[in-house]
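Engineer: So I've got this file, coords-v3.txt, and it contains compact mmCIF, C-alpha atoms:
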# COMPACT_ATOMS: atom_id res chain seq x y z
CA MET A 995 9.49 -1.46 10.81
CA GLU A 996 6.82 -2.21 8.26
CA ASP A 997 3.81 -4.45 8.90
CA THR A 998 4.44 -8.05 7.80
CA ALA A 999 0.87 -9.33 7.50
CA VAL A 1000 0.15 -11.41 4.41
CA ARG A 1001 -1.71 -9.28 1.90
CA PHE A 1002 -4.24 -10.90 -0.39
CA ASP A 1003 -6.60 -7.98 -1.00
CA VAL A 1004 -7.65 -8.32 -4.63
CA THR A 1005 -9.96 -5.30 -4.73
CA GLU A 1006 -7.51 -2.91 -6.36
CA VAL A 1007 -6.17 -5.25 -9.01
CA SER A 1008 -9.68 -6.35 -9.90
CA ALA A 1009 -10.75 -2.72 -10.19
CA ALA A 1010 -7.73 -2.01 -12.40
CA PHE A 1011 -8.75 -4.89 -14.67
CA THR A 1012 -12.32 -3.63 -14.93
CA ALA A 1013 -11.22 -0.05 -15.60
CA ALA A 1014 -8.89 -1.16 -18.39
CA PHE A 1015 -10.99 -3.84 -20.04
CA GLY A 1016 -14.61 -3.07 -19.15
CA ARG A 1017 -15.45 -6.39 -17.50
CA GLN A 1018 -14.67 -8.55 -14.50
CA PRO A 1019 -11.61 -10.84 -14.56
CA ASP A 1020 -12.06 -14.59 -14.61
CA GLY A 1021 -9.95 -14.81 -11.48
CA VAL A 1022 -7.03 -13.44 -9.47
CA TRP A 1023 -3.76 -15.23 -8.79
CA ALA A 1024 -0.91 -14.33 -6.42
CA ALA A 1025 2.77 -15.20 -6.28
CA PRO A 1026 5.30 -14.06 -3.67
CA GLY A 1027 8.64 -12.38 -3.83
CA ARG A 1028 11.47 -14.19 -2.11
CA VAL A 1029 14.45 -13.61 0.09
CA ASN A 1030 17.35 -16.02 -0.17
CA ILE A 1031 18.67 -17.15 3.19
CA ILE A 1032 21.88 -18.50 1.66
CA GLY A 1033 23.11 -19.90 -1.65
CA GLU A 1034 23.96 -16.90 -3.83
CA HIS A 1035 25.06 -17.33 -7.44
CA THR A 1036 24.94 -21.09 -6.99
CA ASP A 1037 21.73 -21.84 -8.89
CA TYR A 1038 23.20 -21.36 -12.35
CA ASN A 1039 26.10 -23.58 -11.25
CA ASP A 1040 23.78 -26.55 -10.56
CA GLY A 1041 24.20 -25.91 -6.85
CA PHE A 1042 22.12 -25.58 -3.69
CA VAL A 1043 19.93 -22.69 -2.55
CA LEU A 1044 17.74 -21.95 0.47
CA PRO A 1045 15.13 -19.25 -0.26
CA MET A 1046 11.83 -18.43 1.40
CA ALA A 1047 8.70 -16.74 0.10
CA LEU A 1048 7.76 -13.30 1.42
CA PRO A 1049 4.32 -11.95 2.33
CA GLN A 1050 4.88 -9.29 -0.32
CA GLY A 1051 4.05 -10.39 -3.83
CA VAL A 1052 2.29 -9.79 -7.11
CA ARG A 1053 -1.38 -10.28 -7.89
CA ALA A 1054 -2.63 -10.85 -11.42
CA ALA A 1055 -6.26 -10.41 -12.46
CA VAL A 1056 -6.69 -12.31 -15.71
CA GLY A 1057 -9.49 -12.91 -18.19
CA ARG A 1058 -9.62 -14.97 -21.36
CA THR A 1059 -10.61 -13.33 -24.63
CA THR A 1060 -11.77 -14.58 -28.02
CA ASP A 1061 -9.13 -12.73 -30.04
CA SER A 1062 -5.41 -13.32 -30.60
CA ARG A 1063 -4.00 -10.54 -28.46
CA VAL A 1064 -2.38 -10.10 -25.08
CA ARG A 1065 -3.27 -6.86 -23.30
CA VAL A 1066 -1.49 -5.93 -20.08
CA VAL A 1067 -1.84 -3.11 -17.54
CA SER A 1068 -0.12 -2.49 -14.22
CA ARG A 1069 -1.14 -0.40 -11.22
CA GLN A 1070 2.54 0.49 -10.82
CA GLU A 1071 2.87 1.66 -14.45
CA PRO A 1072 -0.17 3.81 -15.30
CA GLY A 1073 -1.09 4.18 -18.93
CA ALA A 1074 -2.88 2.50 -21.78
CA PRO A 1075 -2.68 -1.30 -22.02
CA VAL A 1076 0.41 -2.75 -23.66
CA THR A 1077 -0.98 -4.76 -26.55
CA VAL A 1078 0.76 -7.41 -28.65
CA GLY A 1079 -0.30 -10.36 -30.76
CA LEU A 1080 -0.04 -13.90 -29.49
CA ASP A 1081 2.80 -14.42 -31.96
CA ALA A 1082 4.97 -11.71 -30.34
CA LYS A 1083 8.64 -12.68 -30.26
CA PRO A 1084 11.51 -11.60 -27.98
CA GLY A 1085 12.22 -7.94 -28.58
CA ALA A 1086 8.58 -7.08 -29.26
CA VAL A 1087 8.45 -5.20 -25.93
CA THR A 1088 11.34 -4.12 -23.74
CA ASP A 1089 9.65 -2.53 -20.72
CA TRP A 1090 8.08 -4.10 -17.60
CA SER A 1091 5.46 -5.86 -19.73
CA ALA A 1092 8.14 -8.15 -21.20
CA TYR A 1093 8.01 -10.21 -18.00
CA VAL A 1094 4.27 -10.82 -18.55
CA ILE A 1095 4.22 -11.25 -22.31
CA GLY A 1096 7.33 -13.41 -22.06
CA VAL A 1097 5.37 -15.95 -19.99
CA VAL A 1098 2.71 -16.21 -22.70
CA TRP A 1099 5.49 -16.64 -25.28
CA SER A 1100 7.27 -19.29 -23.18
CA LEU A 1101 4.15 -21.39 -22.70
CA ARG A 1102 3.25 -21.22 -26.36
CA GLU A 1103 6.83 -22.03 -27.41
CA ALA A 1104 6.59 -25.14 -25.22
CA GLY A 1105 3.51 -26.22 -27.15
CA TYR A 1106 0.81 -25.20 -24.69
CA ASP A 1107 -2.45 -23.89 -26.13
CA VAL A 1108 -2.65 -20.39 -24.65
CA GLY A 1109 -5.13 -18.02 -26.28
CA GLY A 1110 -5.88 -14.33 -25.99
CA VAL A 1111 -5.86 -12.81 -22.51
CA ASP A 1112 -6.30 -9.53 -20.70
CA ILE A 1113 -4.09 -9.12 -17.64
CA ALA A 1114 -3.90 -6.52 -14.86
CA VAL A 1115 -1.12 -6.76 -12.29
CA ASP A 1116 -0.47 -5.17 -8.91
CA GLY A 1117 2.39 -5.76 -6.52
CA ASP A 1118 4.07 -4.68 -3.32
CA VAL A 1119 7.49 -6.30 -3.73
CA PRO A 1120 9.95 -3.38 -3.85
CA ALA A 1121 11.19 -3.29 -7.45
CA GLY A 1122 14.95 -3.36 -7.83
CA ALA A 1123 15.53 -4.54 -4.26
CA GLY A 1124 16.73 -8.03 -5.12
CA LEU A 1125 13.56 -9.62 -3.71
CA SER A 1126 12.57 -11.13 -7.04
CA SER A 1127 9.64 -8.96 -8.04
CA SER A 1128 10.18 -10.17 -11.61
CA ALA A 1129 9.77 -13.86 -10.72
CA ALA A 1130 6.70 -13.04 -8.64
CA LEU A 1131 5.20 -11.31 -11.67
CA GLU A 1132 6.07 -14.18 -13.99
CA CYS A 1133 4.76 -16.85 -11.64
CA ALA A 1134 1.48 -15.09 -10.87
CA VAL A 1135 0.80 -14.87 -14.60
CA ALA A 1136 2.01 -18.41 -15.27
CA GLY A 1137 -0.25 -19.77 -12.55
CA ALA A 1138 -3.21 -17.91 -13.99
CA LEU A 1139 -2.63 -19.20 -17.51
CA ASN A 1140 -2.08 -22.73 -16.22
CA ASP A 1141 -5.48 -22.69 -14.54
CA LEU A 1142 -7.48 -20.72 -17.10
CA PHE A 1143 -6.35 -22.81 -20.06
CA GLU A 1144 -6.36 -26.08 -18.07
CA LEU A 1145 -2.75 -26.80 -19.03
CA ARG A 1146 -2.04 -29.07 -16.03
CA ILE A 1147 1.62 -28.03 -15.79
CA GLU A 1148 3.24 -29.27 -12.58
CA PRO A 1149 5.01 -26.68 -10.39
CA THR A 1150 8.63 -27.43 -11.30
CA GLU A 1151 7.93 -27.24 -15.03
CA LEU A 1152 5.93 -24.05 -14.50
CA ALA A 1153 8.95 -22.52 -12.76
CA ARG A 1154 11.19 -23.61 -15.64
CA LEU A 1155 8.86 -21.99 -18.16
CA ALA A 1156 8.78 -18.77 -16.15
CA GLN A 1157 12.58 -18.85 -16.00
CA ARG A 1158 12.72 -19.30 -19.79
CA ALA A 1159 10.57 -16.19 -20.18
CA GLU A 1160 13.12 -14.18 -18.20
CA ASN A 1161 16.16 -15.77 -19.86
CA GLU A 1162 15.07 -15.65 -23.49
CA PHE A 1163 12.30 -13.05 -23.74
CA VAL A 1164 13.57 -10.48 -21.24
CA GLY A 1165 17.25 -11.29 -21.75
CA MET A 1166 18.23 -11.82 -18.12
CA PRO A 1167 20.28 -15.06 -17.69
CA CYS A 1168 18.99 -15.88 -14.20
CA GLY A 1169 18.97 -19.33 -12.64
CA VAL A 1170 15.79 -21.08 -11.58
CA MET A 1171 15.86 -20.33 -7.85
CA ASP A 1172 13.61 -17.28 -7.93
CA GLN A 1173 10.84 -18.94 -9.90
CA MET A 1174 11.03 -22.16 -7.86
CA ALA A 1175 10.79 -20.17 -4.64
CA SER A 1176 7.79 -18.23 -5.91
CA VAL A 1177 5.99 -21.40 -7.02
CA SER A 1178 7.02 -23.99 -4.44
CA CYS A 1179 7.60 -22.33 -1.05
CA THR A 1180 5.22 -23.08 1.80
CA ALA A 1181 4.33 -20.94 4.80
CA GLY A 1182 6.59 -21.42 7.80
CA HIS A 1183 9.37 -23.08 5.78
CA LEU A 1184 12.50 -22.47 3.77
CA LEU A 1185 12.84 -24.22 0.42
CA PHE A 1186 15.99 -26.34 0.21
CA LEU A 1187 16.47 -26.77 -3.53
CA ASP A 1188 19.01 -28.82 -5.46
CA THR A 1189 19.01 -26.93 -8.75
CA ARG A 1190 20.47 -29.89 -10.64
CA SER A 1191 17.99 -32.59 -9.67
CA MET A 1192 15.25 -30.07 -8.77
CA ALA A 1193 14.66 -32.07 -5.58
CA THR A 1194 13.16 -29.95 -2.81
CA GLU A 1195 12.76 -30.14 0.94
CA GLN A 1196 10.62 -27.90 3.09
CA VAL A 1197 12.80 -26.90 6.07
CA PRO A 1198 10.84 -25.51 9.05
CA PHE A 1199 11.85 -21.95 9.91
CA ALA A 1200 10.21 -20.08 12.77
CA PRO A 1201 12.76 -17.70 14.31
CA ALA A 1202 10.09 -15.97 16.40
CA ASP A 1203 9.73 -19.20 18.41
CA ARG A 1204 13.35 -18.69 19.52
CA ASP A 1205 13.00 -14.95 20.16
CA ARG A 1206 14.83 -14.27 16.94
CA THR A 1207 13.91 -12.02 14.02
CA LEU A 1208 14.99 -12.19 10.40
CA LEU A 1209 15.30 -8.59 9.26
CA VAL A 1210 15.30 -7.57 5.63
CA ILE A 1211 17.02 -4.22 5.16
CA ASP A 1212 16.37 -2.65 1.77
CA THR A 1213 19.38 -0.43 1.15
CA ARG A 1214 17.57 1.25 -1.75
CA ALA A 1215 20.81 1.17 -3.67
CA PRO A 1216 19.88 0.55 -7.32
CA HIS A 1217 19.81 -3.18 -8.05
CA LYS A 1218 20.74 -3.65 -11.70
CA LEU A 1219 21.72 -7.01 -13.14
CA VAL A 1220 20.84 -6.78 -16.82
CA ASP A 1221 23.79 -4.44 -17.38
CA GLY A 1222 26.13 -7.37 -17.99
CA GLU A 1223 27.78 -7.95 -14.61
CA TYR A 1224 25.57 -10.92 -13.75
CA ALA A 1225 26.04 -12.44 -17.20
CA ARG A 1226 29.79 -11.91 -16.99
CA ARG A 1227 30.05 -13.86 -13.74
CA ARG A 1228 27.90 -16.65 -15.08
CA ARG A 1229 30.09 -16.92 -18.15
CA THR A 1230 33.24 -17.01 -16.00
CA CYS A 1231 31.82 -19.90 -13.98
CA GLU A 1232 30.87 -21.83 -17.12
CA GLU A 1233 34.36 -21.33 -18.57
CA ALA A 1234 35.96 -22.48 -15.31
CA ALA A 1235 33.80 -25.62 -15.18
CA SER A 1236 34.76 -26.45 -18.75
CA MET A 1237 38.44 -25.94 -18.01
CA LEU A 1238 38.18 -28.19 -14.93
CA GLY A 1239 36.38 -30.88 -16.92
CA VAL A 1240 33.18 -30.86 -14.86
CA ALA A 1241 29.60 -30.29 -15.89
CA ALA A 1242 29.23 -27.42 -13.41
CA LEU A 1243 31.07 -25.98 -10.43
CA ARG A 1244 28.65 -27.92 -8.24
CA ASP A 1245 30.85 -30.91 -9.02
CA VAL A 1246 33.91 -29.42 -7.25
CA SER A 1247 33.94 -30.21 -3.52
CA VAL A 1248 35.58 -28.13 -0.82
CA ASP A 1249 38.21 -30.83 -0.41
CA GLU A 1250 38.99 -30.65 -4.12
CA LEU A 1251 39.08 -26.86 -4.19
CA PRO A 1252 42.83 -26.32 -3.58
CA VAL A 1253 43.75 -28.56 -6.51
CA ALA A 1254 41.12 -26.95 -8.73
CA LEU A 1255 42.39 -23.46 -7.91
CA SER A 1256 45.97 -24.50 -8.61
CA ARG A 1257 44.96 -25.29 -12.19
CA MET A 1258 43.80 -21.73 -12.85
CA ASP A 1259 46.06 -18.88 -13.86
CA ASP A 1260 43.42 -16.15 -13.82
CA GLU A 1261 42.98 -14.69 -10.31
CA VAL A 1262 39.45 -13.42 -11.02
CA GLN A 1263 38.37 -16.86 -12.15
CA ARG A 1264 39.94 -18.38 -9.03
CA ARG A 1265 37.94 -16.07 -6.77
CA ARG A 1266 34.68 -16.78 -8.56
CA VAL A 1267 35.18 -20.53 -8.28
CA ARG A 1268 36.15 -20.30 -4.61
CA HIS A 1269 32.93 -18.46 -3.82
CA VAL A 1270 30.66 -20.93 -5.60
CA VAL A 1271 32.29 -24.02 -4.08
CA THR A 1272 32.37 -22.67 -0.53
CA GLU A 1273 28.85 -21.22 -0.84
CA ASN A 1274 27.45 -24.61 -1.75
CA ALA A 1275 29.11 -26.04 1.36
CA ARG A 1276 27.63 -23.26 3.47
CA VAL A 1277 24.11 -24.02 2.22
CA LEU A 1278 24.44 -27.66 3.19
CA GLU A 1279 25.77 -26.71 6.62
CA VAL A 1280 22.95 -24.21 7.24
CA VAL A 1281 20.37 -26.86 6.36
CA ARG A 1282 22.09 -29.35 8.68
CA ARG A 1283 22.08 -26.89 11.57
CA LEU A 1284 18.43 -25.98 11.03
CA ARG A 1285 17.48 -29.65 11.00
CA ASP A 1286 19.32 -29.97 14.33
CA GLY A 1287 17.50 -26.96 15.77
CA ASP A 1288 20.64 -24.81 15.88
CA LEU A 1289 19.17 -21.53 14.64
CA ASP A 1290 21.84 -19.29 16.16
CA GLY A 1291 24.52 -21.48 14.61
CA ILE A 1292 23.62 -20.34 11.10
CA GLY A 1293 24.59 -16.75 11.91
CA PRO A 1294 28.34 -17.08 11.27
CA LEU A 1295 27.61 -18.91 8.01
CA LEU A 1296 25.45 -16.02 6.82
CA THR A 1297 28.27 -13.61 7.58
CA ALA A 1298 30.84 -15.83 5.87
CA SER A 1299 28.63 -15.85 2.80
CA HIS A 1300 28.68 -12.07 2.70
CA VAL A 1301 32.44 -11.92 3.03
CA SER A 1302 32.75 -14.34 0.12
CA LEU A 1303 30.31 -12.34 -2.00
CA ARG A 1304 32.23 -9.17 -1.17
CA ASP A 1305 35.79 -10.40 -1.66
CA ASP A 1306 35.57 -13.34 -4.08
CA TYR A 1307 32.45 -12.69 -6.15
CA GLU A 1308 32.70 -8.90 -5.92
CA VAL A 1309 28.98 -8.17 -6.11
CA THR A 1310 28.52 -5.97 -3.05
CA VAL A 1311 28.42 -2.18 -2.92
CA GLY A 1312 29.04 0.30 -0.12
CA GLU A 1313 25.46 0.29 1.08
CA LEU A 1314 25.37 -3.49 1.41
CA ASP A 1315 28.68 -3.66 3.28
CA THR A 1316 27.71 -0.81 5.58
CA ALA A 1317 24.40 -2.46 6.45
CA VAL A 1318 26.05 -5.80 7.20
CA ASP A 1319 28.90 -4.33 9.25
CA THR A 1320 26.55 -2.11 11.24
CA ALA A 1321 24.05 -4.90 11.92
CA LEU A 1322 26.84 -7.16 13.21
CA ALA A 1323 28.25 -4.40 15.39
CA THR A 1324 24.81 -3.81 16.89
CA GLY A 1325 24.15 -7.39 17.90
CA ALA A 1326 23.12 -9.34 14.82
CA LEU A 1327 24.02 -13.03 14.99
CA GLY A 1328 24.76 -13.02 11.26
CA ALA A 1329 24.13 -10.83 8.23
CA ARG A 1330 24.63 -10.97 4.49
CA MET A 1331 23.56 -9.39 1.25
CA THR A 1332 20.80 -11.33 -0.48
CA GLY A 1333 19.98 -11.50 -4.16
CA GLY A 1334 22.23 -10.96 -7.12
CA GLY A 1335 24.12 -8.03 -5.61
CA PHE A 1336 25.19 -4.61 -6.90
CA GLY A 1337 22.51 -3.12 -4.64
CA GLY A 1338 19.33 -4.49 -3.12
CA CYS A 1339 18.85 -5.97 0.33
CA VAL A 1340 20.65 -7.34 3.37
CA ILE A 1341 19.24 -9.95 5.73
CA ALA A 1342 20.20 -10.07 9.40
CA LEU A 1343 19.34 -12.70 12.01
CA VAL A 1344 18.97 -10.79 15.26
CA PRO A 1345 17.68 -11.31 18.80
CA THR A 1346 14.18 -9.91 18.68
CA ASP A 1347 14.89 -7.41 21.45
CA ARG A 1348 17.74 -5.98 19.32
CA ALA A 1349 15.81 -5.64 16.06
CA ASP A 1350 14.83 -2.00 16.45
CA ALA A 1351 18.33 -1.07 17.59
CA VAL A 1352 19.85 -2.73 14.52
CA VAL A 1353 17.49 -0.88 12.18
CA ASP A 1354 18.15 2.45 13.91
CA ALA A 1355 21.92 1.89 13.78
CA VAL A 1356 21.83 1.08 10.07
CA ARG A 1357 19.78 4.19 9.36
CA GLY A 1358 22.26 6.28 11.30
CA ALA A 1359 25.21 4.77 9.47
CA PHE A 1360 23.54 5.43 6.12
CA GLU A 1361 22.85 9.03 7.04
CA ARG A 1362 26.48 9.57 8.02
CA ALA A 1363 27.65 7.98 4.76
CA GLY A 1364 25.32 10.08 2.63
CA TYR A 1365 23.29 7.10 1.42
CA ARG A 1366 19.55 7.05 0.84
CA GLU A 1367 17.47 6.17 3.90
CA PRO A 1368 17.01 2.38 4.03
CA ALA A 1369 13.76 0.55 4.73
CA ALA A 1370 13.38 -2.53 6.91
CA PHE A 1371 10.81 -5.21 7.64
CA THR A 1372 10.57 -8.58 9.35
CA ALA A 1373 10.63 -11.52 6.96
CA VAL A 1374 8.02 -14.22 7.63
CA PRO A 1375 7.98 -17.39 5.48
CA ALA A 1376 4.87 -17.16 3.30
CA GLN A 1377 2.93 -19.31 0.83
CA GLY A 1378 3.95 -19.83 -2.77
CA ALA A 1379 1.89 -19.06 -5.88
CA HIS A 1380 -1.84 -19.84 -5.69
CA ARG A 1381 -5.25 -18.70 -6.84
CA VAL A 1382 -6.75 -16.02 -4.62
CA ARG A 1383 -10.19 -15.68 -6.21
Could you show the structure in this file as structure tokens?

Structural biologist:
Amino acid sequence: MEDTAVRFDVTEVSAAFTAAFGRQPDGVWAAPGRVNIIGEHTDYNDGFVLPMALPQGVRAAVGRTTDSRVRVVSRQEPGAPVTVGLDAKPGAVTDWSAYVIGVVWSLREAGYDVGGVDIAVDGDVPAGAGLSSSAALECAVAGALNDLFELRIEPTELARLAQRAENEFVGMPCGVMDQMASVSCTAGHLLFLDTRSMATEQVPFAPADRDRTLLVIDTRAPHKLVDGEYARRRRTCEEAASMLGVAALRDVSVDELPVALSRMDDEVQRRRVRHVVTENARVLEVVRRLRDGDLDGIGPLLTASHVSLRDDYEVTVGELDTAVDTALATGALGARMTGGGFGGCVIALVPTDRADAVVDAVRGAFERAGYREPAAFTAVPAQGAHRVR
């Protein structure tokens, strides 16, 4: 498995900034990717989520300028700087740079005085793996602009502004979980987030102390959400909430679920609602068990989440199901897809002495199925967005 040490080497991103812009940056900021322990497709339903920050993240070297332009380069996307004016609107760019320029747009749209900037970015979150590389990019840039222009934006609002960049500038209707995780997570903890009230709780999470390992298995199946499937499910949930007369599906309890389902004629809508309502209940139960010190007890809840995402929300693919089934058959205490689905990653809580066997078994199963070779690493709860230099 890959090394899990936290990486804050800023040499390469600083060098990329200097090579592109001919000077030193004013500073370097970092923001992590995230893995969601449980609470999938609940954030845009005003529900509960339980993510953690990863050691892998994005670093942004940023410098103020005296002109009215934004110039952006990336070590992962070689080429000349992407250059736009400060008045750039959604649609001005449609490639990777939209996530960066969208943050500038979002802050300015909110009335913050952001001037010209040069930005170089570098990251090691696997793109397209469902580990929120986009939110890490947005939050590293947002943190830099917040500091450089002395905007004094508190973390929750900064996450909201980063989310707006992705929703309105990029065109991806994501909830706020990814940005809140990237901004607000702390090392050694999961972030229990109520996406309606935005209340948070840092829940201690140290599986290694119990001889347990949280594996992240990157199936390397393409993870594509902007193709309309994510938006379609969000729209279905909003229509169901309206039909049920509630502000969001968060307001339907498990006890109320049978009556709510009986009011729906559309079977697809029924399945979507059942997933969201039961997933919220699973998040609350996982948090309760972790507070009680029952780490192994969360395993069946992780697996139940995957079954719900597979059968009711219909966002898994063959690679995800194969990874989960194989991990469970090889000794995992629980396993589920994580992220929006349609590709990406699986997490598995495993006895530490079974971790290598689980990874080997998944690789063998993928080879037999003709899938791409997966990658795997141990997830360690890391620090949220901060200034590195």

Engineer: For a quick check of understanding, using all atoms listed in the file, which of A:Leu1131, A:Val1382, A:Val1004, A:Ala1123 has the smallest distance to A:Arg1214?

Structural biologist: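 Among the listed residues, the smallest separation from A:Arg1214 belongs to A:Ala1123.
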
Engineer: What's around A:Ala1086 at 12 Å? Count all atoms listed in the file, leave out sequence neighbours fewer than 3 positions away in its own chain, and write the answer as a count of residues only.

Structural biologist: 17

Engineer: I'd like the contact shell of A:Arg1257 - 10 Å cut-off, only C-alpha atoms, skipping same-chain residues fewer than 4 positions apart - returned as a list in words.

Structural biologist: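 These residues fall inside the cut-off: Ala1234, Met1237, Leu1238, Pro1252, Val1253 and Arg1264 of chain A.
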
Engineer: One decimal, in Å: what's the spacing between atom CA of A:Pro1294 and atom CA of A:Glu1279?

Structural biologist: 11.0 Å

Engineer: Near A:Pro1149, within 9 Å and counting only C-alpha atoms, which residues show up once chain neighbours fewer than 6 positions away are dropped, as an NGL selection string?

Structural biologist: :A and (1137 or 1174 or 1177-1178)

Engineer: May I have the residues within 12 Å of A:Asp1245 as a list in words, using only C-alpha atoms and disregarding those fewer than 3 positions away in the same chain?

Structural biologist: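 These residues fall inside the cut-off: Thr1036, Asn1039, Asp1040, Gly1041, Phe1042, Arg1190, Ala1234, Ala1235, Ser1236, Leu1238, Gly1239, Val1240, Ala1241, Ala1242, Val1248, Asp1249, Glu1250, Leu1251, Ala1254, Val1267, Val1270, Val1271, Thr1272, Asn1274 and Ala1275 of chain A.
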
Engineer: Could you please determine the separation between atom CA of A:Asp1172 and atom CA of A:Asn1030 in Å, to one decimal place?

Structural biologist: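 A separation of 8.7 Å between them.
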
Engineer: Under the rule that all atoms listed in the file are counted, which of A:Ala1047, A:Val1344, A:Val1170, A:Ala1129 is the nearest residue to A:Thr1207?

Structural biologist: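 Residue with the minimum atom-to-atom distance to A:Thr1207: A:Val1344.
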
Engineer: Generate N, CA and C atoms for stretch 1164-1185 of chain A and emit them as a compact mmCIF listing (two decimals), in the coordinates of the input.

Structural biologist:
# COMPACT_ATOMS: atom_id res chain seq x y z
N VAL A 1164 13.09 -11.72 -21.88
CA VAL A 1164 13.57 -10.48 -21.24
C VAL A 1164 15.06 -10.28 -21.50
N GLY A 1165 15.82 -11.39 -21.51
CA GLY A 1165 17.25 -11.29 -21.75
C GLY A 1165 18.08 -11.27 -20.50
N MET A 1166 17.51 -11.76 -19.38
CA MET A 1166 18.23 -11.82 -18.12
C MET A 1166 18.59 -13.28 -17.84
N PRO A 1167 19.89 -13.64 -17.81
CA PRO A 1167 20.28 -15.06 -17.69
C PRO A 1167 20.25 -15.58 -16.27
N CYS A 1168 19.11 -15.46 -15.59
CA CYS A 1168 18.99 -15.88 -14.20
C CYS A 1168 18.91 -17.41 -14.11
N GLY A 1169 19.23 -17.93 -12.93
CA GLY A 1169 18.97 -19.33 -12.64
C GLY A 1169 17.51 -19.53 -12.28
N VAL A 1170 17.19 -20.73 -11.80
CA VAL A 1170 15.79 -21.08 -11.58
C VAL A 1170 15.33 -20.86 -10.14
N MET A 1171 16.24 -20.44 -9.26
CA MET A 1171 15.86 -20.33 -7.85
C MET A 1171 14.66 -19.42 -7.63
N ASP A 1172 14.66 -18.25 -8.22
CA ASP A 1172 13.61 -17.28 -7.93
C ASP A 1172 12.24 -17.82 -8.29
N GLN A 1173 12.12 -18.41 -9.46
CA GLN A 1173 10.84 -18.94 -9.90
C GLN A 1173 10.42 -20.14 -9.06
N MET A 1174 11.37 -21.02 -8.71
CA MET A 1174 11.03 -22.16 -7.86
C MET A 1174 10.57 -21.70 -6.48
N ALA A 1175 11.21 -20.69 -5.94
CA ALA A 1175 10.79 -20.17 -4.64
C ALA A 1175 9.38 -19.61 -4.72
N SER A 1176 9.09 -18.87 -5.78
CA SER A 1176 7.79 -18.23 -5.91
C SER A 1176 6.68 -19.27 -6.08
N VAL A 1177 6.99 -20.37 -6.75
CA VAL A 1177 5.99 -21.40 -7.02
C VAL A 1177 5.87 -22.40 -5.88
N SER A 1178 7.00 -22.79 -5.27
CA SER A 1178 7.02 -23.99 -4.44
C SER A 1178 7.16 -23.77 -2.94
N CYS A 1179 7.44 -22.55 -2.49
CA CYS A 1179 7.60 -22.33 -1.05
C CYS A 1179 6.28 -22.56 -0.31
N THR A 1180 6.40 -22.93 0.95
CA THR A 1180 5.22 -23.08 1.80
C THR A 1180 5.40 -22.21 3.04
N ALA A 1181 4.29 -21.80 3.62
CA ALA A 1181 4.33 -20.94 4.80
C ALA A 1181 5.06 -21.64 5.94
N GLY A 1182 5.89 -20.88 6.64
CA GLY A 1182 6.59 -21.42 7.80
C GLY A 1182 7.81 -22.26 7.48
N HIS A 1183 8.26 -22.23 6.20
CA HIS A 1183 9.37 -23.08 5.78
C HIS A 1183 10.31 -22.35 4.83
N LEU A 1184 11.56 -22.81 4.82
CA LEU A 1184 12.50 -22.47 3.77
C LEU A 1184 12.47 -23.58 2.73
N LEU A 1185 12.81 -23.23 1.49
CA LEU A 1185 12.84 -24.22 0.42
C LEU A 1185 14.28 -24.60 0.14
